[in-house]
Number of protein chains: 2
Amino acid sequence: MEIISSVTDLRSRLRNEPAIAFVPTMGNLHQGHLDLVRIARQHGKCVVVSIFVNPLQFGANEDFGKYPRTLQDDCSKLESLADVVFAPPESELYPQPQQVAVIPPLENDLCGAFRPGHFRGVATVVLKLFNIVQPQLAVFGKKDYQQLYVVRQMAAQLNLPIEVVGGETARAPDGLALSSRNQYLSAGERTEAVFLYQTLAGVRQALLDGAADYAGLERRATQALGARGWLVDYVAVRNQAGLAQPREGEGELVILAAARLGQTRLIDNLEVCI
Amino acid sequence: MEIISSVTDLRSRLRNEPAIAFVPTMGNLHQGHLDLVRIARQHGKCVVVSIFVNPLQFGANEDFGKYPRTLQDDCSKLESLADVVFAPPESELYPQPQQVAVIPPLENDLCGAFRPGHFRGVATVVLKLFNIVQPQLAVFGKKDYQQLYVVRQMAAQLNLPIEVVGGETARAPDGLALSSRNQYLSAGERTEAVFLYQTLAGVRQALLDGAADYAGLERRATQALGARGWLVDYVAVRNQAGLAQPREGEGELVILAAARLGQTRLIDNLEVCI
């Protein structure tokens, strides 16, 4: 496995690779990331993982500064799974202030409503990385469901010759979705954190049992979380195809939520087919 | 020369081309376009010209409907110059409403101030075409100087592996810059139209003679055009590198102007090195 930090070196390493599968990450890799890399391996002859904490997708009051950076550990975990790790310094991706941006769909909906500019930052850095790596296929986790949707739409609407594949969310034994931000949690918060997953699972069960009052389900889930001390950004039942509010009879749904526990903002989602 | 209208067919035609040079156009080709195609021929083994009147870059009150469409003539002119003409219908580039857009720099400056959304539409369609054609090099005319700047910046800041080359403006014998929109002009307007070029040439001469009061030069040029019945959007002296207002001592400048003669909006520019 090679670790490359410059765009020029990466381009020259990849020049003659006919089938590149790419997993963009912000590092601090856990089992969920490694699952995505294994999916990439199934599809590509050359597996590239990028590790870059992208300042463009963090708001001024967010956790860019304290986001965990663990490059050496990450590279050890990838040693037997990836062919190339691309870990550029900030100056390599943003040699000048980035004036060109990609506006994705739904940039002010769901998480976008609470993180202004976030998805614009995501779309922009992902497009830059796509143009640098030029993969045939890229893998993103379903944990960041809206991000996966944004990247898929970007690829389709900008005519990128790249297949975007979603990987299932990896979970702790109690159900909590794996996330680099889980390590911000105190021991007590970690115990409580699973309630986000349990709340979504409750909504899923209600939908499977025939409930169709989406607004009511969302409101009760929000109240249940609030009663236990969570600050809820949203709980939303949407369709999978467009992340829009489902019309009557639509069966391929996803329940998404974002909520704060103490200082930590957690997100999760569950797909459900009725 | 092949004429191709579908993205799938074009991708399959170009799959094994190692050196593609690309000239995106809106058709109605004149000598200026053909010069760009000749530049492309010098650089690429396979020369692709796209012909697409892009609705995204026209404002609601602009000339999208009456913009001249002359595909058959255009293809005749290209027969001995290009290898592939890509002439997609609108439904091929925009099968759904385009929700993903590229925000370029200076989108509200110069022509952008008078054509809201124009450069966003240009950047978005050019990026789509780049992703479809995947050229090594693309040629744009200096006549649309701000557009050339926007595309260059987009290529650099989105890390596109594409060299963007500018081609000189072709002019009629009297100096008028060739443009598809010149055919909107009445005989009288056509005679008057050259005054736009002459005005820019006057500013260029003043700069070469040592004038450095850019605002004064701009104001007098605007007044001279206005006195002859032109409705002036702007006359601006900028630096070539960033299209910013020049600092004292900067020598690589460009004088840009946009003005209306009757119903027709004309643009032109002249580079000058002091």
# chains A, B, ... in the order shown; residues from 1 in each chain; ligands from 1

$ residues_around --residues "Gln98 of chain B" --least-positions-apart "3" --cutoff "8 Å" --atoms "only C-alpha atoms" --output "number ranges by chain"
A: 157; B: 94, 101

$ residues_around --residues "Phe130 of chain A" --least-positions-apart "5" --cutoff "10 Å" --atoms "only C-alpha atoms" --output "MDAnalysis selection string"
(chainID A and resid 22 24 124:125 135:138 155 160:162) or (chainID B and resid 158:160)

$ residues_around --residues "Ser5 of chain A" --least-positions-apart "4" --cutoff "9 Å" --atoms "only C-alpha atoms" --output "PDB file with N, CA and C atoms, in the first residue's frame"
ATOM      1  N   ASP A   9       1.586  13.363  -7.716  1.00  0.00           N
ATOM      2  CA  ASP A   9       2.061  11.990  -7.496  1.00  0.00           C
ATOM      3  C   ASP A   9       0.917  10.992  -7.635  1.00  0.00           C
ATOM      4  N   LEU A  10      -0.243  11.369  -7.130  1.00  0.00           N
ATOM      5  CA  LEU A  10      -1.377  10.444  -7.207  1.00  0.00           C
ATOM      6  C   LEU A  10      -1.773  10.207  -8.670  1.00  0.00           C
ATOM      7  N   VAL A  85      -3.459   5.070  -0.335  1.00  0.00           N
ATOM      8  CA  VAL A  85      -4.103   6.050   0.542  1.00  0.00           C
ATOM      9  C   VAL A  85      -3.687   7.431   0.058  1.00  0.00           C
ATOM     10  N   PHE A  86      -4.685   8.271  -0.204  1.00  0.00           N
ATOM     11  CA  PHE A  86      -4.412   9.654  -0.599  1.00  0.00           C
ATOM     12  C   PHE A  86      -4.736  10.546   0.596  1.00  0.00           C
ATOM     13  N   ALA A  87      -3.698  11.112   1.182  1.00  0.00           N
ATOM     14  CA  ALA A  87      -3.863  11.929   2.396  1.00  0.00           C
ATOM     15  C   ALA A  87      -3.203  13.281   2.174  1.00  0.00           C
ATOM     16  N   PRO A  88      -3.884  14.170   1.456  1.00  0.00           N
ATOM     17  CA  PRO A  88      -3.274  15.460   1.113  1.00  0.00           C
ATOM     18  C   PRO A  88      -3.358  16.454   2.268  1.00  0.00           C
ATOM     19  N   PRO A  89      -2.391  17.352   2.379  1.00  0.00           N
ATOM     20  CA  PRO A  89      -2.569  18.483   3.293  1.00  0.00           C
ATOM     21  C   PRO A  89      -3.591  19.448   2.697  1.00  0.00           C
ATOM     22  N   GLU A  92      -2.905  21.349  -0.473  1.00  0.00           N
ATOM     23  CA  GLU A  92      -2.871  20.618  -1.742  1.00  0.00           C
ATOM     24  C   GLU A  92      -4.239  20.662  -2.428  1.00  0.00           C
TER      25      GLU A  92
END

$ residues_around --residues "Arg220 of chain A" --least-positions-apart "6" --cutoff "12 Å" --atoms "only C-alpha atoms" --output "PyMOL selection string"
chain A and resi 199-200+202-203+206+213-214+226-227+232+234-236

$ write_last_selection --atoms "C-alpha atoms" --output "PDB file, in the first residue's frame"
ATOM      1  CA  THR A 199     -36.399   5.433  18.329  1.00  0.00           C
ATOM      2  CA  LEU A 200     -35.870   4.940  14.596  1.00  0.00           C
ATOM      3  CA  GLY A 202     -39.748   2.059  16.783  1.00  0.00           C
ATOM      4  CA  VAL A 203     -40.867   4.241  13.877  1.00  0.00           C
ATOM      5  CA  ALA A 206     -44.952   1.324  13.388  1.00  0.00           C
ATOM      6  CA  ASP A 213     -49.437   9.367   9.789  1.00  0.00           C
ATOM      7  CA  TYR A 214     -45.854  10.376   9.093  1.00  0.00           C
ATOM      8  CA  GLY A 226     -36.654  15.337  23.936  1.00  0.00           C
ATOM      9  CA  ALA A 227     -38.063  13.814  27.119  1.00  0.00           C
ATOM     10  CA  VAL A 232     -33.588  17.034  18.301  1.00  0.00           C
ATOM     11  CA  TYR A 234     -35.266  16.480  13.093  1.00  0.00           C
ATOM     12  CA  VAL A 235     -36.887  13.098  12.790  1.00  0.00           C
ATOM     13  CA  ALA A 236     -38.228  12.650   9.252  1.00  0.00           C
TER      14      ALA A 236
END

$ residues_around --residues "Phe195 of chain B" --least-positions-apart "6" --cutoff "12 Å" --atoms "only C-alpha atoms" --output "PyMOL selection string"
chain B and resi 174-177+189+201-202+221-222+224-230+257+259-261+266-268

$ residues_around --residues "segment 104-111 of chain B" --least-positions-apart "4" --cutoff "6 Å" --atoms "only C-alpha atoms" --output "list in words"
Gln99 and Val100 of chain A; Phe119 of chain B
